[in-house]
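J.: Here's a structure for you.
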Amino acid sequence: MQRRQFLAALTTLLQQNGYAEGPVLHHAPKAKRVITLFQHGGPSQLDLFDYKPNLAKVHGQDLPDSIRMGQRLTGMTAYQATFPAAPSIFKFAQHGQSGAWFSELLPHMAKHADQWTIMKSLSTEQINHDPAVTFFQTGFQLAGRPSIGSWVSYGLGSENKDLPAFIVMISQGRGNAQALADRMWGSGFIPTNHQGVKFRGGKDPVLYLSDPEGYSRTARRRFLDDLGQLNQLKLDEYKDPEIATRIAQYEMAFRMQASVPELADLSKEPESTFELYGPESRKPGTYAANCILARRLAERGVRFIQLFHRGWDQHGSLPKQIRWQCEDTDQPSAALLTDLKQRGLLDDTVVLWGGEFGRTVYSQGTLTQTDYGRDHHPRCFTMLAAGGGFKPGVSFGETDDYSYNIAKDPMDVHDLHATMMHCLGVDHTKLTFKFQGRHYRLTDVHGRVIRPLLA
Amino acid sequence: MKVLLSFFLPAIALAAEPKVEFNRDVRPILSDKCYHCHGPDAKAKGIPLRFDVEQDARAAITAGKLVARITTDKKGQQMPPPYSGLTLTAKEKQTLSMWAAQGAEWQAHWSFVPPKPPTGFASIDHFVSARLAKEGLSMRPLAGRETLARRATIDITGLPPTPREIDAFLKDTSPNAYEKLVDRLLASPRYGERMAARWLDAARYADTNGYQYDGERVMWRWRDYVIESFNHNKPFDQFVLEQLAGDMLPNATFEQRLATGFNRNHRGNTEDGIVPEEYAVEYVVDRVETSGAVFLGLTLGCARCHNHKYDPLTQKEFYQIYSYFNNVPELGRAMKYGNSPPLMPAPTTKQQATLAALDAKIAKQEQWLTARAPKIDAARRVWERQMPDVRWAPLSMRDGEYFTQGQPQTFEGSRVDLDEKSGKFDIDDIWSVSAWVDGKGAVLTRMSGNKQEGKGYGLHVKEGKVFFHITSNWVNDALRLETVKPFAPGRAHHVSVTYTGSRMAEGVRVYVDGQLAETKTLLDTLYRPFRNAGGVYKEPVRVGGGAGKANQFQGTLGEIRLYSRVLTDEEVAMLAVGKPLSAMAGEKRTHAEQRQVELHYLETAAAPDVRQAWQTLASLREEREKLERTFPTVMVMAESPQRKETHLLLRGQYDKPGEVVEPGLPAFLPQRPASNRLGFAKWVVDPQNPLLARVTMNRFWQSFFGNGIVKTTEDFGLQGEWPTHPELLDYLATEFIHSGWDAKAMQKMIVMSAAYRQSSQATPELIQRDPDNRLLSRGPRIRLPAEMIRDTALHAAGLLHESVGGPSVKPYQPDGLWKEVIMQDFDYNQSKGPDLYRRSLYTFWKRTSAPPMMMNFDASQREACTVRENRTNTPLQALNLMNDVTFVEAARFIGQRMLLEAGADADSRLRHGFRIALGRLPKPAELIVLRGSLNYHLDYFAGKPAEAKSLLWQGDTRSADLPDRELAAYQAVASLLLNTDEFVTKE
């Protein structure tokens with residue numbers, strides 16, 4: 001194709017894609033991209049970060065009314081006769097200069113104590129998985145609104161012409177898994193080209209990426225040249241800019257066919273990478289392998305990278321299952337920070353670690369000295385952030401002695417979104433999309449930038 | 001960039017016509033920039049001035065305040081205030097100033113007053129041409145006949161024309177050839193399928209419940225109702241009326257009740273631990289929002305939490321409308337798998353015919369026996385003198401019987417496992433069990449893990465009461481009940497339980513000694529079949545135990561009987577008789593005993609012809625019962641006998657009830673009495689209602705031209721876009737009503753118009769002046785909706801399997817997509833044979849993992865109502881068309897058609913393929929490209945037989961016996977055609 005035509009096509013392409021108005025920067029950004037390590041199911045803050053030494057004294061005692069204050073429980077424990085306090089059986093220690101608390105389950109992440117921003121006072125409005133994940137992903141509990149990644153894609157566009165701006169990867173944990181839904185990374189009412197593209201383990205990291213068996217890259221190139229000619233003849237006759245866009249999109253598809261497998265191919269990673277990320281990282285589709293991919297995507301300028309790791313829904317046998325989950329995620333999560341840092345990418349990449357809500361201090365089901373379960377707990381939970389303008393080595397917010405209510409510096413999911421957007425140079429109140437007569441935004445009518453979290 | 005371009009039209013309008021028109025030019029600015037504070041909800045914010053009220057606004061304008069405040073730079077004075085984040089553009093300020101200068105003429109919002117019929121001569125083309133003339137433009141010449149044939153065929157039937165159909169049209173030189181084509185297309189059953197596709201988007205139709213668990217539901221009978229209704233050209237007002245309130249019409253027909261599935265298509269949350277009341281509210285809100293968008297073009301949902309910010313709808317009015325939809329006896333927590341009540345059996349037309357035939361046969365048998373009743377009775381009385389020593393029990397659909405001979409069995413801590421074929425009942429099966437019981441503990445159980453709190457079902461005697469449960473999760477996924485009165489002690493009692501498979505306590509009946517017993521429901525939240533409740537379920541029925549040590553039976557048990565149907569009251573009473581027939585001779589008999597005698601006689605001892613007739617009747621009845629089991633059900637609307645009280649919900653929250661509200665219509669629209677949902681439905685379809693006809697015609701228009709006359713098809717309120725052709729829309733709306741809501745007639749009118757038949761070729765000038773073709777300066781040129789792209793490819797390949805209606809099917813889908821996101825229970829079991837090639841509106845729609853090809857091409861997610869068509873242009877679409885096995889296989893069959901149906905030379909084959917795919921013959925330049933491609937691929941595959949083979953072996957259907965190299969090369973060329981812009985476009 002002639003260069004002039006290609007540029008025209010590209011311009012149309014950008015217009016067609018309905019970017020807000022090109023990249024919308026409301027102020028100088030600290031971060032260019034985001035990696036969300038979403039721990040799906042609701043990891044227990046009580047067993048990982050929110051150390052409550054006094055709980056040992058009240059083991060098995062009913063949760064006092066002064067703490068519970070009649071708050072809503074899920075239908076799974078609402079009819080439970082007692083709410084026995086279940087202290088974590090795991091040992092906690094302080095780490096780094098900052099003295100941040102981590103449980104023994106996360107030895108690798110603990111080594112980055114001075115890198116993480118630990119937010120202990122998050123709360124969400126939703127108590128069940130689907131609405132809570134939907135709420136975290138879109139700022140609203142019911143399906144239908146755009147997800148965070150698609151907002152970022154819509155607002156900031158892509159920095160890589162060969163890859164989508166928003167990429168999602170899913171890995172299966174070993175604990176009790178909850179369902180995900182494609183719409184959780186969907187684009188809601190903004191154009192569908194902003195939806196998250198799922199990268200999968202195996203032959204086709206992107207759906208329909210590979211040419212049919214028996215068809216070579218050379219043949220595909222020739223095919224696209226012929227196709228380009230046919231489409232160009234049509235464009236000359238009809239002058240419809242959509243045709244120019246389609247020509248450009250086929251070229252991008254062709255480039256993706258090369259760039260995606262190259263990206264997904266970890267065989268050229270040095271041995272040291274796999275050592276860093278742990279043995280699981282050699283298996284495609286694992287959380288560890290996805291963490292390596294996340295770094296590779298970050299290197300290539302993908303705007304929003306989201307990992308979902310399933311299996312954190314520990315209603316019963318929590319000690320056993322959370323061990324599995326931590327074994328699978330601890331080292332790779334830590335490795336990602338190390339890796340990004342070594343490559344100078346951490347400064348302009350926000351890394352988030354956490355799930356849709358926390359878990360209850362009281363045991364769901366029978367409490368013994370070594371075993372307990374925990375129900376969903378939206379009143380408080382912990383998330384971690386690093387890089388991209390977040391202040392390292394900070395522990396923000398406090399919960400009460402039962403890790404049940406927030407005692408200091410409350411923040412909610414909207415605040416986290418607002419703060420993350422701020423790091424990207426976006427004022428969350430100004431990035432809007434008009435739908436059904438209303439100017440919608442990710443944070444609905446809520447959200448504050450939490451300044452103490454920022455470097 | 002659609003946002004920017006929308007400014008283009010008013011700009012032209014201003015240049016051409018300096019007169020500012022309030023509705024078109026001013027109200028959109030006031031609404032977008034001022035109403036958030038100075039709008040219908042101003043009072044709640046303590047703001048006295050409202051710009052949506054004429055008096056207020058005019059006072060402010062005539063006093064010169066408006067212009068002063070919007071033009072000042074002073075921070076404290078400036079409007080909109082800087083903190084609002086809203087600003088007026090220079091053009092907007094100019095418009096408002098001009099409007100004030102011209103006398104600030106006010107108009108009621110255009111869509112809230114009834115449409116005005118045209119005063120003089122009117123036609124679509126008249127309005128379109130007049131609008132174009134204002135811009136100094138005119139319509140393009142008519143499109144070529146091949147183009148037109150493809151355009152109309154795709155638009156009306158959703159499928160392209162075949163070469164033969166095109167030939168017939170080209171050969172028809174009569175002046176009304178095009179009209180004949182249109183009439184033929186409108187009469188095709190494909191028309192209903194095409195129309196249904198968009199209606200399913202609007203009605204958020206899907207085959208699963210959505211939310212976390214996303215289990216399967218069965219709504220396809222409703223989908224088929226939609227197809228049939230469009231095909232029969234049911235008057236559109238009736239179509240709407242019955243979907244909103246068909247169940248409440250006097251003597252509602254089967255079809256009218258089926259229609260109400262429309263408002264049960266919303267998602268249902270089944271997640272463990274939700275608060276059911278919260279989701280019960282969401283379902284009602286969804287009905288209000290969907291009905292508002294589809295029938296009224298209003299964003300009613302905006303008034304859920306507060307007064308509408310833009311439209312004159314109060315929060316109270318929202319809940320008044322809500323109350324129409326709030327009287328359904330439904331569950332807040334939906335069934336995990338299958339339909340949630342209220343539901344109805346919905347036999348297909350074919351099943352209804354089979355049923356009627358069976359009923360006729362049954363009636364015939366019954367008549368035969370009735371006619372001979374005196375003779376039979378007389379013969380029986382003779383036989384009664386020497387009746388056998390047997391205990392009679394019903395034979396029909398017997399699932400198992402145990403301990404029926406001899407004495408009852410004694411149980412003291414032991415248990416007996418029954419044959420594993422007996423009692424394999426799940427929560428959605430229909431069954432009955434009965435036994436003679438003397439003692440306490442587990443009578444009969446089928447439990448996982450041999451414990452009461454596992455999953456399964458159990459019949460127990462506890463403290464002298466009958467206790468019965470069906471459990472998938474002891475804590476919250478179970479139904480449990482017990483009888484109220486304890487047994488009289490010291491003797492055996494006969495206990496029966498019947499269960500309708502309803503998954504609710506109301507479907508269970510417990511009988512003691514043949515009498516229906518009063519029961520107390522202990523838990524009534526059963527949702528999930530055992531087979532889905534995690535893993536395989538393989539336990540036998542156990543008698544006397546199976547529910548843990550503590551529950552082992554102590555005492556005697558006898559005559560264990562299991563049936564895979566619901567026993568009648570009479571049958572249960574007969575089972576409870578408890579003595580052999582021989583003991584009934586001569587004695588005065590109870591009714592139950594008398595029936596036993598009669599039935600046993602008919603079954604075993606009557607004259608051969610009578611016995612034969614009786615057996616035939618019995619098997620026909622059984623056949624009928626089994627047939628009924630195969631009927632799909634459908635979720636429908638129903639009214640609770642007692643009206644549920646509706647409260648305004650503060651901030652829209654389920655647990656914050658405010659004042660009680662009564663049903664009522666929004667005050668800003670024409671009124672009529674409407675005390676219930678039927679009244680509401682009648683109001684929606686009332687010709688005085690200004691919205692339904694406009695909103696519907698606008699959606700029809702959108703489906704032909706790509707955009708509505710009002711682009712915001714979902715919003716005709718104050719924030720909606722001003723119609724590009726307001727008089728045209730009113731003309732279409734009034735004609736629609738006048739025609740008796742004749743959808744086909746109106747669609748015919750559209751496709752017969754010159755505006756529709758124009759060539760879609762643009763010029764650079766037109767692209768600049770009318771970029772989105774909103775003025776219709778040329779014919780529509782639009783990318784096809786997702787389902788048409790696939791259907792068109794299958795049709796061109798000759799693979800499409802056309803068959804209207806039926807259960808949803810599972811065509812090709814990449815492996816593992818469901819597994820990645822869902823919980824343990826479901827697999828995507830790909831269909832086989834013809835079901836791989838059905839039209840896409842029959843594709844199984846799983847909400848949390850929708851068909852990927854559909855999603856790549858902008859199909860609605862089916863989570864919530866979608867009425868606006870959306871079209872993107874992405875690389876994922878390119879990959880999809882090049883590499884998805886659906887299209888790879890379709891290309892192979894188009895290649896095969898080129899080889900088999902055209903001449904022997906390459907050019908005629910290429911021409912044929914081009915025509916199959918694109919509906920016209922290639923131009924010389926195009927043919928050159930195709931030839932080049934063919935030759936390249938012939939060369940390419942010449943040296944690569946293995947590659948050719950693997951390309952040809954993709955997909956389930958095998959090709960004719962053709963040389964691999966040729967077929968592979970023609971397949972490649974066919975794929976090229978399927979990937980052209982023209983293939984995915986209606987031109």
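Convention: chains lettered A, B, ... in structure tokens order; per-chain residue numbering from 1; ligands numbered from 1 as shown.
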Counting only C-alpha atoms, give me one row per residue of chain B with an atom at most 7 Å from an atom of chain A, showing the shortest contact pair and its distance in Å to one decimal, sorted by chain then residue number, as a Markdown table.

T.:
| residue | atom | partner | partner_atom | distance |
| --- | --- | --- | --- | --- |
| B:Met1 | CA | A:Gln15 | CA | 5.1 |
| B:Tyr211 | CA | A:Asp130 | CA | 6.0 |
| B:Gln212 | CA | A:Asp130 | CA | 5.0 |
| B:Tyr213 | CA | A:Ala179 | CA | 6.5 |
| B:Asp272 | CA | A:Met76 | CA | 6.6 |
| B:Gly273 | CA | A:Gly75 | CA | 3.5 |
| B:Ile274 | CA | A:Gly75 | CA | 5.7 |
| B:Val275 | CA | A:Gly75 | CA | 6.4 |
| B:Thr299 | CA | A:Gln436 | CA | 6.5 |
| B:Asn476 | CA | A:Met76 | CA | 6.8 |
| B:Glu714 | CA | A:Gln436 | CA | 6.7 |
| B:Asp715 | CA | A:Gln436 | CA | 5.9 |
| B:Gln719 | CA | A:Gly437 | CA | 4.5 |
| B:Gly720 | CA | A:Gly437 | CA | 6.0 |
| B:Gln761 | CA | A:Tyr238 | CA | 4.4 |
| B:Ala762 | CA | A:Tyr238 | CA | 5.4 |
| B:Thr763 | CA | A:Lys239 | CA | 6.0 |
| B:Pro764 | CA | A:Lys239 | CA | 6.5 |
| B:Val821 | CA | A:Leu180 | CA | 4.6 |
| B:Ile822 | CA | A:Ala179 | CA | 4.3 |
| B:Met823 | CA | A:Ala179 | CA | 5.2 |
| B:Thr848 | CA | A:Ala181 | CA | 4.2 |
| B:Ser849 | CA | A:Asp182 | CA | 5.6 |
| B:Asp858 | CA | A:Thr192 | CA | 6.4 |
| B:Glu863 | CA | A:Ala143 | CA | 6.8 |
| B:Thr872 | CA | A:Asn193 | CA | 6.5 |
| B:Asn873 | CA | A:Arg246 | CA | 6.4 |
| B:Thr874 | CA | A:Gln249 | CA | 5.6 |
| B:Pro875 | CA | A:Gln249 | CA | 4.6 |
| B:Leu876 | CA | A:Ala253 | CA | 6.8 |
| B:Ala878 | CA | A:Tyr250 | CA | 5.6 |
| B:Leu879 | CA | A:Tyr208 | CA | 5.5 |
| B:Asn880 | CA | A:Tyr208 | CA | 5.5 |
| B:Asn883 | CA | A:Tyr208 | CA | 5.3 |
| B:Asp884 | CA | A:Tyr208 | CA | 5.5 |
| B:Glu926 | CA | A:Leu230 | CA | 6.3 |
| B:Val929 | CA | A:Asp226 | CA | 6.2 |
| B:Ser933 | CA | A:Asp226 | CA | 6.8 |
| B:Glu947 | CA | A:Gly214 | CA | 3.9 |
| B:Ala948 | CA | A:Gly214 | CA | 6.0 |
| B:Ser950 | CA | A:Gly214 | CA | 5.5 |
| B:Leu951 | CA | A:Gly214 | CA | 5.0 |
| B:Leu976 | CA | A:Leu227 | CA | 6.3 |
| B:Thr980 | CA | A:Asn231 | CA | 6.2 |
| B:Asp981 | CA | A:Asn231 | CA | 6.2 |

J.: Limited to C-alpha atoms, could you put the picked residues into a file as a CSV table (one decimal), in the first residue's frame?

T.:
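Just written: part24.csv:
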chain,number,residue,atom,x,y,z
B,1,MET,CA,-15.4,10.5,16.3
B,211,TYR,CA,-24.2,-13.6,37.2
B,212,GLN,CA,-21.6,-15.8,38.9
B,213,TYR,CA,-23.0,-19.4,38.3
B,272,ASP,CA,-24.7,-18.7,47.4
B,273,GLY,CA,-25.2,-16.2,50.1
B,274,ILE,CA,-26.8,-13.4,48.3
B,275,VAL,CA,-29.7,-11.5,50.0
B,299,THR,CA,-34.0,6.1,30.3
B,476,ASN,CA,-28.6,-23.1,52.0
B,714,GLU,CA,-32.5,4.2,23.4
B,715,ASP,CA,-33.1,7.8,24.5
B,719,GLN,CA,-30.6,14.2,26.4
B,720,GLY,CA,-31.4,12.2,23.3
B,761,GLN,CA,-21.2,5.2,-3.7
B,762,ALA,CA,-19.9,8.3,-2.1
B,763,THR,CA,-17.7,11.1,-3.3
B,764,PRO,CA,-15.0,12.8,-1.3
B,821,VAL,CA,-14.0,-18.8,33.5
B,822,ILE,CA,-16.8,-20.9,34.8
B,823,MET,CA,-17.3,-23.2,37.8
B,848,THR,CA,-20.5,-15.1,31.0
B,849,SER,CA,-18.8,-16.5,27.9
B,858,ASP,CA,-20.1,-6.2,18.2
B,863,GLU,CA,-26.6,-8.9,29.8
B,872,THR,CA,-16.3,-1.4,15.2
B,873,ASN,CA,-13.6,-2.4,12.8
B,874,THR,CA,-10.8,-4.3,14.5
B,875,PRO,CA,-7.9,-6.7,13.8
B,876,LEU,CA,-9.6,-9.4,15.8
B,878,ALA,CA,-9.7,-9.9,10.5
B,879,LEU,CA,-8.2,-12.9,12.4
B,880,ASN,CA,-11.7,-14.2,12.9
B,883,ASN,CA,-8.8,-18.4,10.7
B,884,ASP,CA,-12.0,-19.4,12.5
B,926,GLU,CA,-11.0,-7.7,-9.7
B,929,VAL,CA,-6.5,-10.2,-8.8
B,933,SER,CA,-4.4,-15.4,-6.3
B,947,GLU,CA,-0.4,-28.8,3.5
B,948,ALA,CA,-3.2,-29.0,1.1
B,950,SER,CA,-4.5,-30.5,6.3
B,951,LEU,CA,-6.1,-27.3,5.0
B,976,LEU,CA,-10.1,-14.1,0.0
B,980,THR,CA,-13.3,-8.6,1.5
B,981,ASP,CA,-14.8,-5.5,2.9

J.: Could you write out, as a compact mmCIF listing (two decimals) with N, CA and C atoms, in the first residue's frame, all the residues of range 272-411 of chain A that DSSP marks as strand (DSSP E)?

T.:
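The result, written out as part-v1.txt:
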# COMPACT_ATOMS: atom_id res chain seq x y z
N PHE A 304 -2.73 -1.70 29.52
CA PHE A 304 -3.38 -2.27 30.70
C PHE A 304 -3.30 -3.79 30.63
N ILE A 305 -2.64 -4.36 31.62
CA ILE A 305 -2.41 -5.80 31.64
C ILE A 305 -3.07 -6.33 32.90
N GLN A 306 -3.95 -7.28 32.74
CA GLN A 306 -4.65 -7.76 33.93
C GLN A 306 -4.56 -9.27 34.02
N LEU A 307 -4.03 -9.74 35.15
CA LEU A 307 -3.99 -11.17 35.41
C LEU A 307 -5.12 -11.51 36.39
N PHE A 308 -5.79 -12.59 36.13
CA PHE A 308 -6.76 -13.11 37.10
C PHE A 308 -6.25 -14.46 37.55
N HIS A 309 -6.06 -14.60 38.84
CA HIS A 309 -5.70 -15.92 39.36
C HIS A 309 -6.85 -16.41 40.22
N THR A 349 5.24 1.91 35.68
CA THR A 349 4.21 0.87 35.67
C THR A 349 3.58 0.76 37.05
N VAL A 350 2.26 0.88 37.12
CA VAL A 350 1.56 0.61 38.38
C VAL A 350 1.30 -0.88 38.47
N VAL A 351 1.74 -1.50 39.57
CA VAL A 351 1.41 -2.91 39.80
C VAL A 351 0.42 -2.96 40.97
N LEU A 352 -0.69 -3.63 40.77
CA LEU A 352 -1.67 -3.79 41.85
C LEU A 352 -1.81 -5.26 42.18
N TRP A 353 -1.95 -5.57 43.47
CA TRP A 353 -2.15 -6.97 43.90
C TRP A 353 -3.34 -6.98 44.85
N GLY A 354 -4.32 -7.80 44.58
CA GLY A 354 -5.44 -7.92 45.52
C GLY A 354 -6.66 -8.53 44.86
N GLY A 358 -12.35 -8.81 51.30
CA GLY A 358 -11.56 -9.54 52.27
C GLY A 358 -12.34 -10.71 52.81
N ARG A 359 -11.86 -11.22 53.97
CA ARG A 359 -12.57 -12.36 54.56
C ARG A 359 -12.81 -12.10 56.05
N THR A 360 -13.80 -12.81 56.57
CA THR A 360 -14.24 -12.52 57.94
C THR A 360 -13.26 -13.04 58.98
N VAL A 361 -13.25 -12.35 60.11
CA VAL A 361 -12.42 -12.80 61.23
C VAL A 361 -13.05 -14.03 61.88
N TYR A 362 -14.37 -14.14 61.79
CA TYR A 362 -15.00 -15.30 62.42
C TYR A 362 -14.96 -16.48 61.47
N SER A 363 -14.97 -17.65 62.05
CA SER A 363 -14.87 -18.85 61.24
C SER A 363 -16.20 -19.20 60.63
N ARG A 374 -13.33 -18.92 56.21
CA ARG A 374 -13.73 -17.52 56.36
C ARG A 374 -14.70 -17.14 55.25
N ASP A 375 -15.72 -16.40 55.63
CA ASP A 375 -16.73 -15.95 54.67
C ASP A 375 -16.26 -14.65 54.02
N HIS A 376 -17.03 -14.17 53.07
CA HIS A 376 -16.72 -12.90 52.39
C HIS A 376 -16.82 -11.74 53.37
N HIS A 377 -15.93 -10.79 53.21
CA HIS A 377 -15.96 -9.62 54.09
C HIS A 377 -15.65 -8.35 53.29
N PHE A 381 -10.47 -4.75 53.50
CA PHE A 381 -9.53 -5.70 52.91
C PHE A 381 -8.26 -4.97 52.51
N THR A 382 -7.26 -5.76 52.17
CA THR A 382 -5.95 -5.18 51.90
C THR A 382 -5.59 -5.35 50.44
N MET A 383 -5.04 -4.29 49.86
CA MET A 383 -4.46 -4.42 48.53
C MET A 383 -3.06 -3.82 48.56
N LEU A 384 -2.26 -4.25 47.59
CA LEU A 384 -0.90 -3.75 47.49
C LEU A 384 -0.71 -3.06 46.14
N ALA A 385 0.08 -2.01 46.18
CA ALA A 385 0.43 -1.36 44.92
C ALA A 385 1.92 -1.15 44.90
N ALA A 386 2.47 -1.03 43.72
CA ALA A 386 3.88 -0.69 43.62
C ALA A 386 4.13 0.04 42.31
N VAL A 394 5.05 2.27 52.18
CA VAL A 394 4.02 2.92 53.00
C VAL A 394 2.95 1.90 53.37
N SER A 395 2.51 1.96 54.59
CA SER A 395 1.35 1.17 54.99
C SER A 395 0.26 2.16 55.33
N PHE A 396 -0.84 2.07 54.60
CA PHE A 396 -1.89 3.09 54.71
C PHE A 396 -3.15 2.48 55.31
N GLU A 398 -5.83 1.62 58.80
CA GLU A 398 -5.81 0.60 59.84
C GLU A 398 -7.21 0.04 60.04
N THR A 399 -7.24 -1.20 60.52
CA THR A 399 -8.53 -1.81 60.86
C THR A 399 -8.56 -2.00 62.37
N ILE A 406 -12.97 -0.55 59.62
CA ILE A 406 -11.82 0.29 59.38
C ILE A 406 -11.68 1.29 60.52
N ALA A 407 -10.49 1.37 61.05
CA ALA A 407 -10.27 2.23 62.21
C ALA A 407 -9.66 3.58 61.78
N LYS A 408 -8.92 3.57 60.70
CA LYS A 408 -8.22 4.80 60.33
C LYS A 408 -8.05 4.87 58.81
N MET A 411 -10.61 3.99 52.73
CA MET A 411 -10.67 4.27 51.29
C MET A 411 -11.49 3.16 50.64

J.: With DSSP run on the backbone, what are the alpha helix (DSSP H) residues within range 175-215 of chain B? I'd like them as a list in words.

T.: Ala177, Tyr178, Glu179, Lys180, Leu181, Val182, Asp183, Arg184, Leu185, Leu186, Ala187, Pro189, Arg190, Tyr191, Gly192, Glu193, Arg194, Met195, Ala196, Ala197, Arg198, Trp199, Leu200, Asp201 and Ala202 of chain B

J.: For those residues, write N, CA and C atoms to a file as a compact mmCIF listing (two decimals), in the first residue's frame.

T.:
# COMPACT_ATOMS: atom_id res chain seq x y z
N ALA B 177 -40.85 -5.23 -10.86
CA ALA B 177 -39.99 -6.37 -10.53
C ALA B 177 -39.42 -6.25 -9.12
N TYR B 178 -38.98 -5.06 -8.77
CA TYR B 178 -38.39 -4.86 -7.43
C TYR B 178 -39.44 -5.07 -6.35
N GLU B 179 -40.64 -4.56 -6.60
CA GLU B 179 -41.69 -4.74 -5.61
C GLU B 179 -42.02 -6.22 -5.41
N LYS B 180 -42.02 -6.96 -6.51
CA LYS B 180 -42.27 -8.40 -6.40
C LYS B 180 -41.19 -9.07 -5.56
N LEU B 181 -39.95 -8.63 -5.79
CA LEU B 181 -38.84 -9.17 -4.99
C LEU B 181 -39.07 -8.90 -3.51
N VAL B 182 -39.43 -7.65 -3.22
CA VAL B 182 -39.63 -7.26 -1.82
C VAL B 182 -40.77 -8.07 -1.20
N ASP B 183 -41.86 -8.22 -1.94
CA ASP B 183 -42.99 -8.99 -1.41
C ASP B 183 -42.59 -10.44 -1.13
N ARG B 184 -41.82 -10.99 -2.06
CA ARG B 184 -41.39 -12.37 -1.85
C ARG B 184 -40.52 -12.48 -0.60
N LEU B 185 -39.63 -11.53 -0.42
CA LEU B 185 -38.73 -11.57 0.74
C LEU B 185 -39.52 -11.40 2.05
N LEU B 186 -40.48 -10.50 2.04
CA LEU B 186 -41.25 -10.28 3.26
C LEU B 186 -42.09 -11.50 3.63
N ALA B 187 -42.43 -12.29 2.63
CA ALA B 187 -43.24 -13.48 2.89
C ALA B 187 -42.39 -14.69 3.32
N PRO B 189 -40.09 -17.16 5.52
CA PRO B 189 -39.94 -17.39 6.97
C PRO B 189 -38.61 -16.86 7.51
N ARG B 190 -37.67 -16.60 6.61
CA ARG B 190 -36.39 -16.03 7.05
C ARG B 190 -36.59 -14.62 7.60
N TYR B 191 -37.64 -13.96 7.14
CA TYR B 191 -37.92 -12.60 7.60
C TYR B 191 -38.08 -12.58 9.13
N GLY B 192 -38.86 -13.51 9.65
CA GLY B 192 -39.09 -13.55 11.09
C GLY B 192 -37.80 -13.79 11.85
N GLU B 193 -36.92 -14.62 11.29
CA GLU B 193 -35.65 -14.89 11.95
C GLU B 193 -34.78 -13.63 11.98
N ARG B 194 -34.81 -12.92 10.86
CA ARG B 194 -33.99 -11.71 10.78
C ARG B 194 -34.49 -10.65 11.78
N MET B 195 -35.80 -10.47 11.83
CA MET B 195 -36.37 -9.48 12.74
C MET B 195 -36.15 -9.89 14.19
N ALA B 196 -36.25 -11.19 14.44
CA ALA B 196 -36.11 -11.68 15.81
C ALA B 196 -34.71 -11.38 16.36
N ALA B 197 -33.71 -11.43 15.48
CA ALA B 197 -32.34 -11.26 15.96
C ALA B 197 -32.20 -9.95 16.74
N ARG B 198 -32.74 -8.86 16.20
CA ARG B 198 -32.62 -7.57 16.90
C ARG B 198 -33.54 -7.52 18.12
N TRP B 199 -34.67 -8.19 18.00
CA TRP B 199 -35.59 -8.18 19.14
C TRP B 199 -34.97 -8.93 20.33
N LEU B 200 -34.19 -9.97 20.05
CA LEU B 200 -33.53 -10.71 21.13
C LEU B 200 -32.51 -9.82 21.85
N ASP B 201 -31.84 -8.96 21.09
CA ASP B 201 -30.90 -8.02 21.72
C ASP B 201 -31.66 -7.09 22.67
N ALA B 202 -32.78 -6.58 22.16
CA ALA B 202 -33.56 -5.64 22.97
C ALA B 202 -34.11 -6.33 24.21

J.: Give me, please, the distance in Å between CA of Gly373 in chain A and CA of Gly42 in chain A, quoted to one decimal.

T.: 12.5 Å

J.: Using only C-alpha atoms, determine which residues lie at most 10 Å from range 326-331 of chain B, disregarding the query and same-chain residues fewer than 5 positions distant; provide the list as a ChimeraX atom specification.

T.: /B:268-270,276-277,279-281,283-285,287-288,319-321,340-343,525,636-646,663,676-677

J.: When distances are computed from only C-alpha atoms, which of A:Arg33, A:Phe102, A:Ala258, A:His27 shows the smallest separation from Met420 in chain A?

T.: A:Arg33
